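Visitor: Got a structure for you, questions after.
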Amino acid sequence: MAYEFIKVEREGPITTFILNRPDVMNALHSPAHFELHEAFDAFAADPEQWVGIVTGAGDRAFSAGNDLKHQASGGAMKSPPSGFAGLTSRFDLTKPLIAAVNGVAMGGGFEIALACDIIIASENATFALPEPRVGLAALAGGLHRLPRAIGVKRAMAMILTARRVSAAEGKELGFVAEVTAPQDLMRTAREWAKQICELSPMSIRASKEAVYRGLDEPTLEAAIRGQGKYPAVAALFTSEDFKEGPMAFAQKRPPQWKGR
């Protein structure tokens with residue numbers, strides 16, 4: 001499908017989503033949200049696509065977040081049920097996502113990255129939730145995902161000051177997995193994606209679902225006892241991959257994953 005505000009590229013089982021509004025630092029408006037909603041729907045439904053990478057066009061910005069000029073000019077503020085960027089309220093995606101942050105990740109841009117499972121950042125990346133500077137609040141998940149990622153006190157130190165955090169500090173705080181030179185960012189993100197693709201897609205989806213849904217359980221005991229009811233976990237036990245893994249191990253050969 002052709003898109004106006006994003007690009008979608010596929011290489012084997014890896015889909016790359018490119019926020020493509022570099023003239024406004026990849027800030028997003030309503031039409032972009034709906035394009036991303038459709039693109040992530042297609043990714044989720046495609047059995048041949050196992051891992052996603054999200055990045056921004058150009059070298060200045062991952063995403064500056066909400067397009068405030070569009071909003072101020074009276075532009076439509078509608079968003080799909082999957083939330084900002086078609087992602088921040090998408091809670092049923094069990095395929096892993098990697099954010100390759102290539103510059104500014106502000107407000108909604110940071111919220112997109114936090115909605116991904118792994119963040120790889122260029123050395124020139126900066127992160128912030130600056131919404132209070134313009135009379136808004138980071139209600140697309142940032143106020144909830146950041147405390148869960150780095151702890152309440154460290155998150156509040158960012159949220160209540162709206163301060164910018166470098167890639168290096170993001171790694172120290174714990175929400176960035178790896179920092180790279182700008183020219184190495186996409187190569188590094190693809191290396192992470194390829195490492196994931198070496199593993200059973202069914203196992204990866206079960207693991208992702210168990211982690212996130214387990215965090216919502218009231219106790220550790222409830223999380224462990226309840227995980228067998230999670231859809232991706234149940235699907236793992238009846239999958240071809242569940243049989244292939246032990247068989248390949250016994251036969252001393254690389255497994256041939258099917259993702260089903």
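Within each chain, counting starts at residue 1; across the structure tokens, chains are named A, B, ... in the order shown, with ligands numbered 1 upward in that order.
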Which residues are near A:Thr126? Cut-off 12 Å, only C-alpha atoms, ignore same chain within fewer than 6 positions. Put them as a list in words.
Guide: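 Result of the neighbour search: Arg60, Ala61, Phe62, Ser63, Ala64, Val101, Asn102, Gly103, Val104, Ala105, Met106, Gly107, Gly109, Phe110, Ala113, Ile120, Arg163, Arg164, Val165, Ser166, Ala167, Ala168, Glu169, Gly170, Lys171, Val176 and Val179 of chain A.
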Visitor: Quick one: everything within 12 Å of A:Arg225, counting only C-alpha atoms, minus sequence neighbours fewer than 6 positions away in the same chain. Send it as a list of chain:residue names.
Guide: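 Those residues are A:Ala210, A:Gly214, A:Glu217, A:Pro218, A:Thr219.
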Visitor: Please produce a file of the residues just selected, as a PDB file, in the first residue's frame, where the atoms kept are all heavy atoms.
Guide:
ATOM      1  N   ALA A 210       3.679 -12.526  27.936  1.00  0.00           N
ATOM      2  CA  ALA A 210       3.761 -12.918  29.340  1.00  0.00           C
ATOM      3  C   ALA A 210       4.374 -11.812  30.193  1.00  0.00           C
ATOM      4  O   ALA A 210       3.934 -11.565  31.321  1.00  0.00           O
ATOM      5  CB  ALA A 210       4.559 -14.211  29.485  1.00  0.00           C
ATOM      6  N   GLY A 214       1.836 -10.024  32.550  1.00  0.00           N
ATOM      7  CA  GLY A 214       2.212 -10.396  33.908  1.00  0.00           C
ATOM      8  C   GLY A 214       2.434  -9.191  34.802  1.00  0.00           C
ATOM      9  O   GLY A 214       2.137  -9.230  36.002  1.00  0.00           O
ATOM     10  N   GLU A 217      -0.674  -8.142  36.516  1.00  0.00           N
ATOM     11  CA  GLU A 217      -1.251  -9.021  37.527  1.00  0.00           C
ATOM     12  C   GLU A 217      -0.938  -8.469  38.924  1.00  0.00           C
ATOM     13  O   GLU A 217       0.092  -7.822  39.125  1.00  0.00           O
ATOM     14  CB  GLU A 217      -0.688 -10.438  37.392  1.00  0.00           C
ATOM     15  CG  GLU A 217      -0.985 -11.122  36.064  1.00  0.00           C
ATOM     16  CD  GLU A 217      -2.416 -11.627  35.962  1.00  0.00           C
ATOM     17  OE1 GLU A 217      -3.195 -11.414  36.915  1.00  0.00           O
ATOM     18  OE2 GLU A 217      -2.755 -12.231  34.928  1.00  0.00           O
ATOM     19  N   PRO A 218      -1.801  -8.733  39.896  1.00  0.00           N
ATOM     20  CA  PRO A 218      -1.603  -8.160  41.227  1.00  0.00           C
ATOM     21  C   PRO A 218      -0.411  -8.731  41.985  1.00  0.00           C
ATOM     22  O   PRO A 218       0.166  -8.053  42.844  1.00  0.00           O
ATOM     23  CB  PRO A 218      -2.915  -8.463  41.954  1.00  0.00           C
ATOM     24  CG  PRO A 218      -3.482  -9.648  41.228  1.00  0.00           C
ATOM     25  CD  PRO A 218      -3.066  -9.484  39.805  1.00  0.00           C
ATOM     26  N   THR A 219      -0.043  -9.988  41.696  1.00  0.00           N
ATOM     27  CA  THR A 219       1.068 -10.618  42.410  1.00  0.00           C
ATOM     28  C   THR A 219       1.887 -11.458  41.448  1.00  0.00           C
ATOM     29  O   THR A 219       1.430 -11.820  40.345  1.00  0.00           O
ATOM     30  CB  THR A 219       0.567 -11.547  43.538  1.00  0.00           C
ATOM     31  OG1 THR A 219      -0.152 -12.651  42.948  1.00  0.00           O
ATOM     32  CG2 THR A 219      -0.336 -10.805  44.515  1.00  0.00           C
TER      33      THR A 219
END
Visitor: Which is closer to A:Thr188 than all the others in A:Ala2, A:Ala57, A:Met156, A:Ile118, using only C-alpha atoms?
Guide: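 For A:Thr188, the nearest of the candidates is A:Ile118.
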Visitor: Need the shell around A:Ile14: protein/DNA/RNA residues with any atom at most 7 Å away, counting only C-alpha atoms. Skip same-chain ones fewer than 6 positions apart. Format as a list in words?
Guide: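 Near neighbours after the sequence-gap exclusion: Gln49, Trp50, Val51 and Gly52 of chain A.
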Visitor: For all heavy atoms, I'd like the residues from the last selection saved as a PDB file, in the first residue's frame.
Guide:
ATOM      1  N   GLN A  49       5.962 -11.619   8.535  1.00  0.00           N
ATOM      2  CA  GLN A  49       6.688 -10.522   9.187  1.00  0.00           C
ATOM      3  C   GLN A  49       6.764 -10.788  10.679  1.00  0.00           C
ATOM      4  O   GLN A  49       5.746 -10.934  11.339  1.00  0.00           O
ATOM      5  CB  GLN A  49       6.006  -9.186   8.892  1.00  0.00           C
ATOM      6  CG  GLN A  49       6.031  -8.805   7.418  1.00  0.00           C
ATOM      7  CD  GLN A  49       7.452  -8.773   6.857  1.00  0.00           C
ATOM      8  OE1 GLN A  49       8.276  -7.969   7.297  1.00  0.00           O
ATOM      9  NE2 GLN A  49       7.743  -9.624   5.885  1.00  0.00           N
ATOM     10  N   TRP A  50       7.989 -10.820  11.220  1.00  0.00           N
ATOM     11  CA  TRP A  50       8.208 -11.265  12.595  1.00  0.00           C
ATOM     12  C   TRP A  50       8.648 -10.154  13.536  1.00  0.00           C
ATOM     13  O   TRP A  50       8.362 -10.194  14.731  1.00  0.00           O
ATOM     14  CB  TRP A  50       9.265 -12.371  12.620  1.00  0.00           C
ATOM     15  CG  TRP A  50       8.851 -13.630  11.917  1.00  0.00           C
ATOM     16  CD1 TRP A  50       7.627 -13.893  11.346  1.00  0.00           C
ATOM     17  CD2 TRP A  50       9.642 -14.800  11.703  1.00  0.00           C
ATOM     18  NE1 TRP A  50       7.614 -15.147  10.797  1.00  0.00           N
ATOM     19  CE2 TRP A  50       8.834 -15.741  10.998  1.00  0.00           C
ATOM     20  CE3 TRP A  50      10.943 -15.143  12.033  1.00  0.00           C
ATOM     21  CZ2 TRP A  50       9.304 -16.996  10.625  1.00  0.00           C
ATOM     22  CZ3 TRP A  50      11.411 -16.406  11.660  1.00  0.00           C
ATOM     23  CH2 TRP A  50      10.605 -17.316  10.972  1.00  0.00           C
ATOM     24  N   VAL A  51       9.389  -9.171  13.022  1.00  0.00           N
ATOM     25  CA  VAL A  51       9.949  -8.110  13.866  1.00  0.00           C
ATOM     26  C   VAL A  51       9.792  -6.778  13.150  1.00  0.00           C
ATOM     27  O   VAL A  51       9.960  -6.701  11.923  1.00  0.00           O
ATOM     28  CB  VAL A  51      11.448  -8.350  14.172  1.00  0.00           C
ATOM     29  CG1 VAL A  51      12.000  -7.254  15.083  1.00  0.00           C
ATOM     30  CG2 VAL A  51      11.671  -9.712  14.801  1.00  0.00           C
ATOM     31  N   GLY A  52       9.497  -5.707  13.903  1.00  0.00           N
ATOM     32  CA  GLY A  52       9.370  -4.377  13.324  1.00  0.00           C
ATOM     33  C   GLY A  52      10.413  -3.421  13.871  1.00  0.00           C
ATOM     34  O   GLY A  52      10.837  -3.530  15.026  1.00  0.00           O
TER      35      GLY A  52
END
Visitor: Can you list, as a PyMOL selection string, all residues belonging to stretch 70-219 of chain A that DSSP tags as strand (DSSP E)?
Guide: chain A and resi 97-101+104-106+118-122+126-128+165-166+178-180
Visitor: What's the separation between atom CA of A:Pro80 and atom CA of A:Glu35, in Å to one decimal place?
Guide: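 Taking atom CA of A:Pro80 as the start and atom CA of A:Glu35 as the end point, the length is 9.5 Å.
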Visitor: Write out as a list in words each polymer residue whose atoms come within 10 Å of A:Arg90, counting only C-alpha atoms; drop sequence neighbours fewer than 3 positions from it.
Guide: His37, Phe40, Asp41, Pro80, Pro81, Ser82, Gly83, Phe84, Ala85, Gly86, Leu87, Leu93, Thr94 and Ala115 of chain A
Visitor: Write the residues you've just listed into a file as a short mmCIF file (atom, residue, chain, number, x, y, z; two decimals), in the first residue's frame, and include C-alpha atoms for each of them.
Guide:
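See out.cif below for the written result:
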data_model
loop_
_atom_site.label_atom_id
_atom_site.label_comp_id
_atom_site.auth_asym_id
_atom_site.auth_seq_id
_atom_site.Cartn_x
_atom_site.Cartn_y
_atom_site.Cartn_z
CA HIS A 37 -2.71 2.35 12.27
CA PHE A 40 0.72 -1.80 12.04
CA ASP A 41 -2.52 -3.70 11.41
CA PRO A 80 -7.43 5.72 15.64
CA PRO A 81 -8.34 3.36 18.50
CA SER A 82 -4.72 2.19 18.49
CA GLY A 83 -3.68 5.63 19.71
CA PHE A 84 -0.89 8.06 18.85
CA ALA A 85 1.05 6.78 15.82
CA GLY A 86 -1.33 3.85 15.64
CA LEU A 87 0.74 2.32 18.42
CA LEU A 93 0.64 -6.67 19.33
CA THR A 94 2.82 -9.60 20.36
CA ALA A 115 5.64 1.81 23.18
#
